[in-house]
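Undergrad: As input, take model21.cif (mmCIF, C-alpha atoms):
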data_run
loop_
_atom_site.label_atom_id
_atom_site.label_comp_id
_atom_site.auth_asym_id
_atom_site.auth_seq_id
_atom_site.Cartn_x
_atom_site.Cartn_y
_atom_site.Cartn_z
CA MET Z 1 -51.48 0.55 -41.04
CA ARG Z 2 -49.13 -2.01 -42.54
CA PRO Z 3 -50.34 -5.61 -42.83
CA ALA Z 4 -49.06 -7.96 -40.16
CA THR Z 5 -46.20 -10.07 -41.45
CA ASP Z 6 -43.63 -12.31 -39.86
CA PRO Z 7 -40.46 -10.26 -39.34
CA GLU Z 8 -37.42 -11.40 -41.26
CA PRO Z 9 -34.83 -13.01 -38.98
CA ALA Z 10 -32.01 -10.68 -37.98
CA THR Z 11 -28.63 -11.49 -39.47
CA GLY Z 12 -25.03 -10.41 -38.93
CA VAL Z 13 -24.44 -7.52 -36.56
CA TRP Z 14 -28.16 -7.00 -36.08
CA ALA Z 15 -28.59 -10.55 -34.85
CA VAL Z 16 -25.81 -9.98 -32.31
CA GLN Z 17 -27.34 -6.71 -31.13
CA THR Z 18 -30.74 -8.35 -30.80
CA ASP Z 19 -29.29 -11.21 -28.77
CA VAL Z 20 -27.38 -8.84 -26.50
CA SER Z 21 -30.44 -6.63 -26.01
CA ARG Z 22 -32.49 -9.67 -25.07
CA TRP Z 23 -29.82 -10.80 -22.60
CA LEU Z 24 -29.56 -7.30 -21.11
CA SER Z 25 -33.28 -7.12 -20.42
CA ARG Z 26 -33.36 -10.63 -18.96
CA ARG Z 27 -30.12 -10.80 -17.01
CA THR Z 28 -29.45 -7.30 -15.67
CA TYR Z 29 -30.56 -6.80 -12.09
CA VAL Z 30 -30.53 -3.95 -9.55
CA GLY Z 31 -28.72 -4.54 -6.28
CA ALA Z 32 -31.04 -2.29 -4.27
CA ASP Z 33 -33.95 -4.61 -5.08
CA TYR Z 34 -32.59 -7.23 -2.66
CA ASP Z 35 -32.39 -7.19 1.12
CA ALA Z 36 -30.28 -9.36 3.38
CA ALA Z 37 -33.12 -10.75 5.50
CA THR Z 38 -35.13 -12.00 2.51
CA LEU Z 39 -32.04 -13.57 0.93
CA CYS Z 40 -31.11 -15.18 4.23
CA GLU Z 41 -34.48 -16.92 4.26
CA ALA Z 42 -34.00 -17.99 0.64
CA LYS Z 43 -30.57 -19.35 1.53
CA ARG Z 44 -32.09 -21.35 4.38
CA ARG Z 45 -34.83 -22.80 2.15
CA ARG Z 46 -32.33 -23.83 -0.52
CA GLY Z 47 -29.95 -25.33 2.05
CA VAL Z 48 -26.86 -23.57 0.70
CA THR Z 49 -23.94 -21.77 2.31
CA VAL Z 50 -22.09 -18.60 1.31
CA SER Z 51 -18.38 -17.79 1.34
CA VAL Z 52 -17.03 -14.27 0.77
CA VAL Z 53 -13.40 -14.00 -0.37
CA LEU Z 54 -11.26 -10.86 -0.50
CA PRO Z 55 -8.01 -11.28 -2.45
CA ALA Z 56 -5.46 -8.90 -0.93
CA LEU Z 57 -1.94 -7.64 -1.47
CA ASP Z 58 -0.76 -4.72 0.68
CA GLU Z 59 -4.25 -3.35 1.33
CA GLU Z 60 -4.03 -2.52 5.05
CA ARG Z 61 -5.60 0.89 4.40
CA THR Z 62 -8.92 -0.47 3.15
CA VAL Z 63 -9.29 -4.18 3.95
CA GLY Z 64 -10.27 -3.70 7.60
CA ALA Z 65 -13.28 -1.50 6.85
CA ILE Z 66 -14.56 -3.94 4.21
CA VAL Z 67 -14.23 -6.95 6.50
CA SER Z 68 -15.83 -5.08 9.40
CA ALA Z 69 -18.83 -4.02 7.30
CA ILE Z 70 -19.46 -7.54 5.98
CA ARG Z 71 -19.05 -9.12 9.41
CA ARG Z 72 -21.28 -6.57 11.16
CA GLU Z 73 -24.09 -6.51 8.58
CA LEU Z 74 -24.04 -9.98 7.02
CA VAL Z 75 -22.58 -12.31 9.65
CA GLU Z 76 -23.74 -10.91 12.99
CA ARG Z 77 -26.82 -8.78 12.21
CA THR Z 78 -28.17 -11.05 9.44
CA PRO Z 79 -26.46 -14.44 8.98
CA LEU Z 80 -26.29 -14.33 5.18
CA VAL Z 81 -22.53 -14.99 5.01
CA ASP Z 82 -21.21 -18.21 6.55
CA GLU Z 83 -17.52 -17.79 5.79
CA LEU Z 84 -15.49 -14.56 5.47
CA VAL Z 85 -11.96 -15.07 4.15
CA VAL Z 86 -9.08 -12.80 3.15
CA ALA Z 87 -6.67 -14.48 0.74
CA ASP Z 88 -3.35 -12.74 1.36
CA SER Z 89 -0.86 -12.92 -1.51
CA GLY Z 90 2.25 -12.20 0.56
CA SER Z 91 1.57 -8.67 1.78
CA THR Z 92 4.53 -6.83 3.28
CA ASP Z 93 2.33 -4.42 5.25
CA ARG Z 94 -0.22 -5.16 8.00
CA THR Z 95 -2.95 -6.45 5.68
CA ALA Z 96 -3.17 -9.86 7.35
CA ALA Z 97 -3.21 -8.49 10.90
CA VAL Z 98 -5.80 -5.81 10.10
CA ALA Z 99 -8.06 -8.31 8.32
CA ALA Z 100 -7.86 -10.82 11.17
CA ALA Z 101 -8.57 -8.12 13.78
CA ALA Z 102 -11.64 -7.07 11.80
CA GLY Z 103 -13.01 -10.60 11.89
CA ALA Z 104 -11.85 -12.42 8.77
CA ARG Z 105 -10.14 -15.77 8.52
CA VAL Z 106 -6.85 -15.01 6.79
CA ILE Z 107 -5.29 -17.56 4.48
CA THR Z 108 -1.81 -17.22 3.01
CA VAL Z 109 -1.98 -18.08 -0.67
CA ASP Z 110 1.54 -19.49 -0.89
CA ASP Z 111 0.78 -22.01 1.87
CA LEU Z 112 -2.06 -23.65 -0.06
CA LEU Z 113 -1.63 -26.58 -2.47
CA PRO Z 114 2.18 -26.48 -2.14
CA SER Z 115 2.60 -29.31 -4.64
CA HIS Z 116 1.31 -26.94 -7.34
CA GLY Z 117 3.98 -24.35 -6.61
CA GLN Z 118 3.57 -20.61 -6.39
CA VAL Z 119 2.42 -18.27 -9.13
CA PRO Z 120 2.11 -14.53 -8.54
CA GLY Z 121 -1.07 -12.67 -9.29
CA LYS Z 122 -4.66 -12.10 -8.25
CA GLY Z 123 -5.99 -15.08 -10.17
CA GLU Z 124 -3.83 -17.40 -8.10
CA ALA Z 125 -5.42 -16.09 -4.89
CA LEU Z 126 -8.92 -16.64 -6.28
CA TRP Z 127 -8.11 -20.13 -7.54
CA LYS Z 128 -6.58 -21.29 -4.28
CA SER Z 129 -9.39 -19.72 -2.27
CA LEU Z 130 -11.76 -22.24 -3.88
CA TYR Z 131 -9.69 -24.96 -2.24
CA ALA Z 132 -9.68 -23.20 1.14
CA THR Z 133 -13.41 -22.39 1.37
CA ASP Z 134 -16.60 -24.45 1.57
CA GLY Z 135 -19.52 -22.22 0.52
CA ASP Z 136 -21.90 -23.42 -2.18
CA LEU Z 137 -21.99 -19.81 -3.38
CA VAL Z 138 -18.71 -17.89 -3.53
CA VAL Z 139 -18.53 -14.09 -3.60
CA PHE Z 140 -15.31 -12.33 -4.61
CA VAL Z 141 -14.77 -8.71 -3.52
CA ASP Z 142 -11.67 -6.61 -4.21
CA SER Z 143 -9.98 -5.39 -1.04
CA ASP Z 144 -9.07 -1.88 -2.25
CA LEU Z 145 -12.61 -0.47 -2.24
CA VAL Z 146 -13.25 2.87 -0.57
CA ALA Z 147 -16.60 3.67 1.14
CA PHE Z 148 -17.58 0.01 0.90
CA ASP Z 149 -21.23 -0.93 1.38
CA ALA Z 150 -22.20 -4.45 2.45
CA GLN Z 151 -25.11 -4.15 0.02
CA PHE Z 152 -22.55 -5.01 -2.67
CA VAL Z 153 -22.51 -8.58 -1.36
CA VAL Z 154 -26.30 -8.66 -1.00
CA GLY Z 155 -26.75 -7.48 -4.59
CA LEU Z 156 -24.35 -10.07 -5.99
CA LEU Z 157 -26.11 -12.88 -4.13
CA GLY Z 158 -29.61 -11.71 -5.08
CA PRO Z 159 -29.88 -13.29 -8.54
CA LEU Z 160 -28.18 -16.51 -7.41
CA LEU Z 161 -30.57 -17.02 -4.50
CA SER Z 162 -33.64 -15.90 -6.47
CA ASP Z 163 -33.17 -17.79 -9.72
CA PRO Z 164 -31.56 -21.25 -9.87
CA SER Z 165 -30.81 -20.82 -13.58
CA VAL Z 166 -28.31 -18.03 -12.81
CA GLY Z 167 -24.83 -19.41 -12.19
CA TYR Z 168 -22.55 -16.36 -12.19
CA VAL Z 169 -23.12 -12.68 -11.44
CA LYS Z 170 -20.83 -9.72 -12.13
CA ALA Z 171 -21.15 -6.24 -10.69
CA LEU Z 172 -21.75 -3.17 -12.80
CA TYR Z 173 -21.32 0.33 -11.43
CA ASP Z 174 -20.10 3.85 -12.09
CA ARG Z 175 -16.38 4.31 -11.41
CA PRO Z 176 -15.38 7.84 -10.38
CA LEU Z 177 -11.84 8.94 -11.24
CA THR Z 178 -9.96 11.29 -8.92
CA THR Z 179 -7.85 13.88 -10.77
CA ALA Z 180 -5.91 17.01 -9.83
CA GLU Z 181 -9.02 19.01 -10.76
CA GLY Z 182 -11.34 16.86 -8.64
CA MET Z 183 -13.44 13.75 -9.09
CA ILE Z 184 -14.83 12.82 -12.49
CA PRO Z 185 -18.05 10.80 -11.92
CA THR Z 186 -17.43 8.12 -14.56
CA GLY Z 187 -13.78 8.47 -15.54
CA GLY Z 188 -12.53 5.14 -14.17
CA GLY Z 189 -12.27 1.86 -16.03
CA ARG Z 190 -9.74 2.92 -18.64
CA VAL Z 191 -8.56 -0.62 -19.40
CA THR Z 192 -12.18 -1.69 -19.82
CA GLU Z 193 -12.96 1.01 -22.37
CA LEU Z 194 -9.67 0.90 -24.28
CA LEU Z 195 -9.10 -2.87 -24.35
CA ALA Z 196 -11.59 -5.25 -22.75
CA ARG Z 197 -14.75 -3.90 -24.34
CA PRO Z 198 -13.31 -3.77 -27.88
CA LEU Z 199 -11.93 -7.30 -27.42
CA LEU Z 200 -15.28 -8.72 -26.33
CA ASN Z 201 -17.18 -6.96 -29.10
CA ALA Z 202 -14.73 -8.22 -31.71
CA LEU Z 203 -14.13 -11.79 -30.51
CA TRP Z 204 -17.06 -12.70 -28.21
CA PRO Z 205 -19.89 -10.34 -29.21
CA GLY Z 206 -22.42 -12.31 -27.21
CA LEU Z 207 -20.66 -11.00 -24.07
CA ALA Z 208 -20.84 -7.38 -25.17
CA GLY Z 209 -23.71 -6.74 -22.77
CA PHE Z 210 -21.46 -6.79 -19.72
CA VAL Z 211 -21.07 -3.17 -18.62
CA GLN Z 212 -18.05 -3.89 -16.41
CA PRO Z 213 -16.42 -7.07 -17.77
CA LEU Z 214 -13.32 -6.51 -15.60
CA SER Z 215 -15.15 -5.76 -12.35
CA GLY Z 216 -13.50 -7.27 -9.30
CA GLU Z 217 -16.82 -8.02 -7.59
CA TYR Z 218 -18.63 -11.15 -8.71
CA ALA Z 219 -20.27 -14.28 -7.35
CA GLY Z 220 -20.89 -17.76 -8.61
CA ARG Z 221 -21.99 -21.25 -7.80
CA ARG Z 222 -19.08 -23.39 -6.67
CA GLU Z 223 -20.18 -26.25 -8.91
CA LEU Z 224 -19.66 -23.93 -11.88
CA LEU Z 225 -16.52 -22.10 -10.74
CA GLU Z 226 -14.69 -25.36 -10.11
CA GLN Z 227 -15.16 -26.38 -13.77
CA VAL Z 228 -13.12 -23.58 -15.33
CA PRO Z 229 -9.43 -22.59 -15.28
CA PHE Z 230 -8.21 -19.48 -13.46
CA VAL Z 231 -5.62 -17.25 -15.10
CA SER Z 232 -2.90 -16.25 -12.66
CA GLY Z 233 -2.77 -12.49 -13.24
CA TYR Z 234 -5.09 -9.62 -14.11
CA GLY Z 235 -6.60 -11.59 -16.97
CA VAL Z 236 -8.61 -13.68 -14.51
CA GLU Z 237 -11.84 -11.69 -14.90
CA LEU Z 238 -11.86 -11.82 -18.70
CA GLY Z 239 -10.87 -15.48 -18.67
CA LEU Z 240 -13.65 -16.42 -16.26
CA LEU Z 241 -16.24 -14.56 -18.31
CA VAL Z 242 -15.28 -16.26 -21.58
CA ASP Z 243 -14.79 -19.73 -20.08
CA LEU Z 244 -17.99 -19.69 -18.00
CA ALA Z 245 -19.99 -18.66 -21.05
CA GLU Z 246 -18.46 -21.61 -22.89
CA VAL Z 247 -19.28 -24.06 -20.08
CA ALA Z 248 -22.69 -22.84 -18.96
CA GLY Z 249 -24.01 -20.64 -21.77
CA ILE Z 250 -24.47 -16.89 -21.75
CA ASP Z 251 -27.94 -17.08 -20.25
CA ALA Z 252 -26.46 -18.55 -17.06
CA LEU Z 253 -24.45 -15.34 -16.61
CA ALA Z 254 -25.87 -12.12 -15.20
CA GLN Z 255 -24.91 -8.67 -13.96
CA VAL Z 256 -26.22 -6.52 -11.14
CA ASP Z 257 -26.13 -2.74 -10.84
CA LEU Z 258 -24.45 -1.78 -7.55
CA GLY Z 259 -24.41 1.99 -8.08
CA THR Z 260 -20.96 3.48 -7.53
CA ARG Z 261 -17.61 1.87 -6.82
CA GLN Z 262 -14.68 3.86 -5.44
CA HIS Z 263 -11.22 2.36 -5.29
CA THR Z 264 -7.56 3.25 -5.51
CA HIS Z 265 -6.28 4.06 -9.00
CA GLN Z 266 -3.12 2.86 -10.70
CA SER Z 267 -0.68 4.68 -12.94
CA ASP Z 268 -0.96 4.51 -16.71
CA ALA Z 269 2.17 2.33 -16.83
CA ALA Z 270 0.65 -0.14 -14.34
CA LEU Z 271 -2.58 -0.19 -16.34
CA GLY Z 272 -0.53 -0.94 -19.46
CA ARG Z 273 0.92 -4.03 -17.80
CA MET Z 274 -2.56 -5.05 -16.69
CA ALA Z 275 -3.79 -4.63 -20.24
CA GLY Z 276 -0.93 -6.80 -21.48
CA GLN Z 277 -2.04 -9.69 -19.25
CA ILE Z 278 -5.66 -9.28 -20.33
CA LEU Z 279 -4.62 -9.33 -23.98
CA GLN Z 280 -2.54 -12.47 -23.44
CA THR Z 281 -5.54 -14.10 -21.75
CA ALA Z 282 -7.81 -13.26 -24.67
CA LEU Z 283 -5.35 -14.47 -27.29
CA ALA Z 284 -4.86 -17.76 -25.44
CA ARG Z 285 -8.57 -18.39 -26.03
CA CYS Z 286 -8.18 -17.86 -29.78
CA PRO Z 287 -6.41 -21.02 -30.99
CA ASP Z 288 -6.02 -19.68 -34.53
CA ILE Z 289 -3.89 -16.77 -33.34
CA ALA Z 290 -0.24 -17.49 -32.57
CA VAL Z 291 1.17 -15.31 -29.77
CA ARG Z 292 4.73 -14.43 -30.68
CA ASN Z 293 5.75 -12.47 -27.60
CA ASP Z 294 4.63 -12.25 -23.98
CA ALA Z 295 6.81 -9.27 -23.09
CA LEU Z 296 5.72 -5.64 -22.89
CA MET Z 297 8.23 -2.85 -23.48
CA GLN Z 298 7.55 0.45 -21.74
CA TYR Z 299 9.67 3.58 -21.49
CA VAL Z 300 10.87 5.77 -18.64
CA ARG Z 301 12.81 9.02 -18.74
CA THR Z 302 15.99 9.19 -16.65
CA GLY Z 303 17.57 12.61 -16.90
CA MET Z 304 17.92 13.41 -20.59
CA GLU Z 305 17.56 9.80 -21.71
CA VAL Z 306 14.50 7.66 -22.51
CA GLU Z 307 15.16 4.08 -21.51
CA PRO Z 308 13.16 0.92 -22.30
CA VAL Z 309 11.89 -1.31 -19.50
CA THR Z 310 10.64 -4.77 -20.39
CA TRP Z 311 7.94 -6.53 -18.37
CA ASP Z 312 6.81 -10.12 -18.59
CA VAL Z 313 3.03 -10.00 -19.09
CA GLY Z 314 2.66 -13.67 -19.87
CA VAL Z 315 0.06 -15.44 -17.76
CA ARG Z 316 -0.12 -18.90 -16.22
CA GLN Z 317 -3.37 -20.80 -16.24
CA ARG Z 318 -4.41 -22.91 -13.29
CA PRO Z 319 -6.55 -25.97 -14.14
CA PRO Z 320 -10.21 -26.31 -13.18
CA MET Z 321 -10.23 -26.89 -9.43
CA ARG Z 322 -12.39 -29.99 -9.74
CA THR Z 323 -9.45 -31.72 -11.52
CA VAL Z 324 -7.11 -31.19 -8.54
CA PRO Z 325 -6.97 -34.45 -6.53
CA ALA Z 326 -6.50 -32.72 -3.17
CA TYR Z 327 -9.58 -30.58 -3.79
CA ALA Z 328 -11.68 -33.56 -4.85
CA ALA Z 329 -10.74 -35.38 -1.65
CA ARG Z 330 -11.54 -32.32 0.46
CA ARG Z 331 -14.91 -31.84 -1.24
CA SER Z 332 -15.85 -35.51 -0.83
CA ALA Z 333 -15.08 -35.35 2.89
CA ARG Z 334 -17.20 -32.22 3.29
CA GLU Z 335 -20.14 -33.65 1.36
CA ALA Z 336 -19.98 -36.79 3.49
CA ARG Z 337 -20.11 -34.68 6.67
CA LEU Z 338 -23.16 -32.87 5.34
CA GLY Z 339 -24.85 -36.05 4.18
CA ARG Z 340 -24.78 -35.02 0.53
CA SER Z 341 -23.67 -37.00 -2.48
CA ALA Z 342 -20.44 -35.58 -3.91
#
Let's see the structure in the file written out as structure tokens.
TA:
Amino acid sequence: MRPATDPEPATGVWAVQTDVSRWLSRRTYVGADYDAATLCEAKRRRGVTVSVVLPALDEERTVGAIVSAIRRELVERTPLVDELVVADSGSTDRTAAVAAAAGARVITVDDLLPSHGQVPGKGEALWKSLYATDGDLVVFVDSDLVAFDAQFVVGLLGPLLSDPSVGYVKALYDRPLTTAEGMIPTGGGRVTELLARPLLNALWPGLAGFVQPLSGEYAGRRELLEQVPFVSGYGVELGLLVDLAEVAGIDALAQVDLGTRQHTHQSDAALGRMAGQILQTALARCPDIAVRNDALMQYVRTGMEVEPVTWDVGVRQRPPMRTVPAYAARRSAREARLGRSA
């Protein structure tokens, strides 16, 4: 038996791995461990409210089932959710009508904060939804999920309602990929594996413990979300992760295992454009790196020719919502109604 000695402090990559392992064991939760009734009682004791937001663009095929499940299970059966909102980014199909019929309040993104103009992209819908909602806890859920389970929302709220030191929770899950040969159990998340994960490990290794850094399901405390900028496009998830860690510290961030997530898949070309926006978002957070180009050139075959197509993958960044005067006025009025200090 070796004599007991104080271990030498870990350095370099081993220190990072040790820190990540410690975070993983402390801040990784299991969604099935929480139930709606218990969390509803915790919500009542803490005196907080919950908003659920679904950003949507041409999702009439799936948005109705998601809204219906949340409303049935978490509004009517157990009043865990106080506000259920679909943020429509100018859909040309029946997304808005289907969502409203299923029981959501539908907001049109372009109608909100008109003095700030209009910027396309998912991040814009999330940013403006902060202005349009009131919940102390805000849950974001993508509207293209298939076989949605309301337990997703319960799992995301679990750590926030159980531990006041947790400020932000991201989902982790398996992502099946449908191919011509059938479904591959864990083949989804190509942009995560090929871009986001290497970026985090290289530039922000303390965040390497997030299994699904680009997941579209996450929840946070309003007082924290309103302190950080929102990137307009598909870089919003990476930007939030990096910026929230900077504001609140990594230990205020958590992840919860929700099992399996099924959703519609995009083409490789579309994923390339998504990756371009994520890369631009990451580089914008590295002040020592000068970005020389925010265009992405892709190629398509037309007949016997291969032609270049150029896409703008530059992103716009919306300021922290708490710095927007109209939002501050709205929040002050709400806090006064509730008898709270703003």
Undergrad: What does the PyMOL selection byres ((chain Z and resi 286) around 12) select in this file, as an mmCIF file with C-alpha atoms, in the coordinates of the input?
TA:
data_model
loop_
_atom_site.group_PDB
_atom_site.id
_atom_site.type_symbol
_atom_site.label_atom_id
_atom_site.label_comp_id
_atom_site.auth_asym_id
_atom_site.auth_seq_id
_atom_site.Cartn_x
_atom_site.Cartn_y
_atom_site.Cartn_z
ATOM 1 C CA LEU Z 199 -11.930 -7.300 -27.420
ATOM 2 C CA ALA Z 202 -14.730 -8.220 -31.710
ATOM 3 C CA LEU Z 203 -14.130 -11.790 -30.510
ATOM 4 C CA TRP Z 204 -17.060 -12.700 -28.210
ATOM 5 C CA GLY Z 239 -10.870 -15.480 -18.670
ATOM 6 C CA VAL Z 242 -15.280 -16.260 -21.580
ATOM 7 C CA ASP Z 243 -14.790 -19.730 -20.080
ATOM 8 C CA LEU Z 279 -4.620 -9.330 -23.980
ATOM 9 C CA GLN Z 280 -2.540 -12.470 -23.440
ATOM 10 C CA THR Z 281 -5.540 -14.100 -21.750
ATOM 11 C CA ALA Z 282 -7.810 -13.260 -24.670
ATOM 12 C CA LEU Z 283 -5.350 -14.470 -27.290
ATOM 13 C CA ALA Z 284 -4.860 -17.760 -25.440
ATOM 14 C CA ARG Z 285 -8.570 -18.390 -26.030
ATOM 15 C CA PRO Z 287 -6.410 -21.020 -30.990
ATOM 16 C CA ASP Z 288 -6.020 -19.680 -34.530
ATOM 17 C CA ILE Z 289 -3.890 -16.770 -33.340
ATOM 18 C CA ALA Z 290 -0.240 -17.490 -32.570
ATOM 19 C CA VAL Z 291 1.170 -15.310 -29.770
#
Undergrad: Could you pull out every residue with an atom within 10 Å of (-24.9, -5.9, -12.3), file coordinates, counting all atoms listed in the file, and send them as a ChimeraX atom specification?
TA: /Z:27-31,152,155-156,159,169-173,210-212,215,217-218,254-259
Undergrad: I would like the residues chosen by the PyMOL selection byres ((chain Z and resi 64) around 9) on the shown file; could you give them as a list in words?
TA: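 Checking the PyMOL selection byres ((chain Z and resi 64) around 9) against this file, the residues are Glu59, Glu60, Arg61, Thr62, Val63, Ala65, Ile66, Val67, Ser68, Ala69, Thr95, Val98, Ala99, Ala100, Ala101, Ala102, Gly103, Ala104 and Ser143 of chain Z.
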Undergrad: Please indicate the distance in Å from CA of Ile107 (chain Z) to CA of Phe140 (chain Z), rounded to one decimal place.
TA: 14.5 Å
Undergrad: State, in Å with one decimal place, the distance from CA of Gly314 (chain Z) to CA of Gly123 (chain Z).
TA: 13.1 Å
Undergrad: Considering all atoms listed in the file, state which residue in the set Z:Met274, Z:Val141, Z:Ala252, Z:Ala269 is at the smallest distance from Trp23 (chain Z).
TA: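 Of the candidates, the smallest distance to Trp23 (chain Z) is held by Z:Ala252.
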Undergrad: Mind checking which residues fall within 12 Å of Asp111 (chain Z), counting all atoms listed in the file, ignoring those fewer than 2 positions away in the same chain, and posting them as a CSV table (one decimal) with C-alpha atoms, keeping the file's coordinate frame?
TA:
chain,number,residue,atom,x,y,z
Z,87,ALA,CA,-6.7,-14.5,0.7
Z,88,ASP,CA,-3.4,-12.7,1.4
Z,89,SER,CA,-0.9,-12.9,-1.5
Z,90,GLY,CA,2.2,-12.2,0.6
Z,106,VAL,CA,-6.8,-15.0,6.8
Z,107,ILE,CA,-5.3,-17.6,4.5
Z,108,THR,CA,-1.8,-17.2,3.0
Z,109,VAL,CA,-2.0,-18.1,-0.7
Z,113,LEU,CA,-1.6,-26.6,-2.5
Z,114,PRO,CA,2.2,-26.5,-2.1
Z,115,SER,CA,2.6,-29.3,-4.6
Z,116,HIS,CA,1.3,-26.9,-7.3
Z,117,GLY,CA,4.0,-24.4,-6.6
Z,118,GLN,CA,3.6,-20.6,-6.4
Z,119,VAL,CA,2.4,-18.3,-9.1
Z,124,GLU,CA,-3.8,-17.4,-8.1
Z,125,ALA,CA,-5.4,-16.1,-4.9
Z,128,LYS,CA,-6.6,-21.3,-4.3
Z,129,SER,CA,-9.4,-19.7,-2.3
Z,131,TYR,CA,-9.7,-25.0,-2.2
Z,132,ALA,CA,-9.7,-23.2,1.1
Undergrad: Residues at most 8 Å from Trp311 (chain Z), counting only C-alpha atoms, excluding those fewer than 2 positions away in the same chain, as a PyMOL selection string?
TA: chain Z and resi 273+295-298+309+313
Undergrad: When you count only C-alpha atoms, which of these residues is closest to Leu57 (chain Z): Z:Ala42, Z:Arg94, Z:Glu73, Z:Glu83?
TA: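 Residue with the minimum atom-to-atom distance to Leu57 (chain Z): Z:Arg94.
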Undergrad: Starting from the shown file, work through the PyMOL selection byres ((chain Z and resi 207) around 10) and note down what comes out as a list in words.
TA: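 Written out, the selection comes to Val16, Asp19, Val20, Trp23, Arg197, Leu200, Asn201, Leu203, Trp204, Pro205, Gly206, Ala208, Gly209, Phe210, Val211, Pro213, Leu241, Val242, Ala245, Ile250 and Leu253 of chain Z.
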Undergrad: At a cut-off of 12 Å, using only C-alpha atoms, what residues contact Val300 (chain Z)? Leave out same-chain residues fewer than 4 positions from it and give the result as a ChimeraX atom specification.
TA: /Z:269,304-310
Undergrad: When distances are computed from all atoms listed in the file, which of Z:Asp142, Z:Asp312, Z:Asp82, Z:Asp174 shows the smallest separation from Glu237 (chain Z)?
TA: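 Nearest candidate to Glu237 (chain Z) out of Z:Asp142, Z:Asp312, Z:Asp82, Z:Asp174: Z:Asp142.
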Undergrad: Please check which residues have atoms at most 10 Å from (-30.9, 1.9, 0.4) in the file's coordinates, counting all atoms listed in the file, and write them as an NGL selection string.
TA: :Z and (31-35 or 151)
Undergrad: Only C-alpha atoms, please: the residues just picked out, written as a short mmCIF file (atom, residue, chain, number, x, y, z; two decimals), keeping the file's coordinate frame.
TA:
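What landed in result_14.cif:
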data_model
loop_
_atom_site.label_atom_id
_atom_site.label_comp_id
_atom_site.auth_asym_id
_atom_site.auth_seq_id
_atom_site.Cartn_x
_atom_site.Cartn_y
_atom_site.Cartn_z
CA GLY Z 31 -28.72 -4.54 -6.28
CA ALA Z 32 -31.04 -2.29 -4.27
CA ASP Z 33 -33.95 -4.61 -5.08
CA TYR Z 34 -32.59 -7.23 -2.66
CA ASP Z 35 -32.39 -7.19 1.12
CA GLN Z 151 -25.11 -4.15 0.02
#
Undergrad: Name the closest residue to Val48 (chain Z) among the candidates Z:Val86, Z:Leu112, Z:Leu161, Z:Leu145; distances are taken between atoms, counting only C-alpha atoms.
TA: Z:Leu161
Undergrad: Calculate how many Å separate CA of Phe230 (chain Z) from CA of Val138 (chain Z), rounding to one decimal.
TA: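 We find that CA of Phe230 (chain Z) and CA of Val138 (chain Z) lie 14.5 Å from each other.
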Undergrad: Which of these residues is nearest to Arg330 (chain Z), using all atoms listed in the file: Z:Ala248, Z:Leu137, Z:Ala150, Z:Leu130?
TA: Z:Leu130
Undergrad: Which one is closest to Gln317 (chain Z): Z:Gly339, Z:Pro120, Z:Arg301, Z:Tyr168? Count only C-alpha atoms.
TA: Z:Pro120
Undergrad: Once 3 Å is added on each side, what are the centre and the three edge lengths, in Å to one decimal, of the axis-aligned box enclosing the listed atoms of region 216-226 of chain Z? Present them as lines of an AutoDock Vina configuration file.
TA:
center_x = -17.7
center_y = -16.8
center_z = -9.3
size_x = 14.5
size_y = 25.0
size_z = 11.2
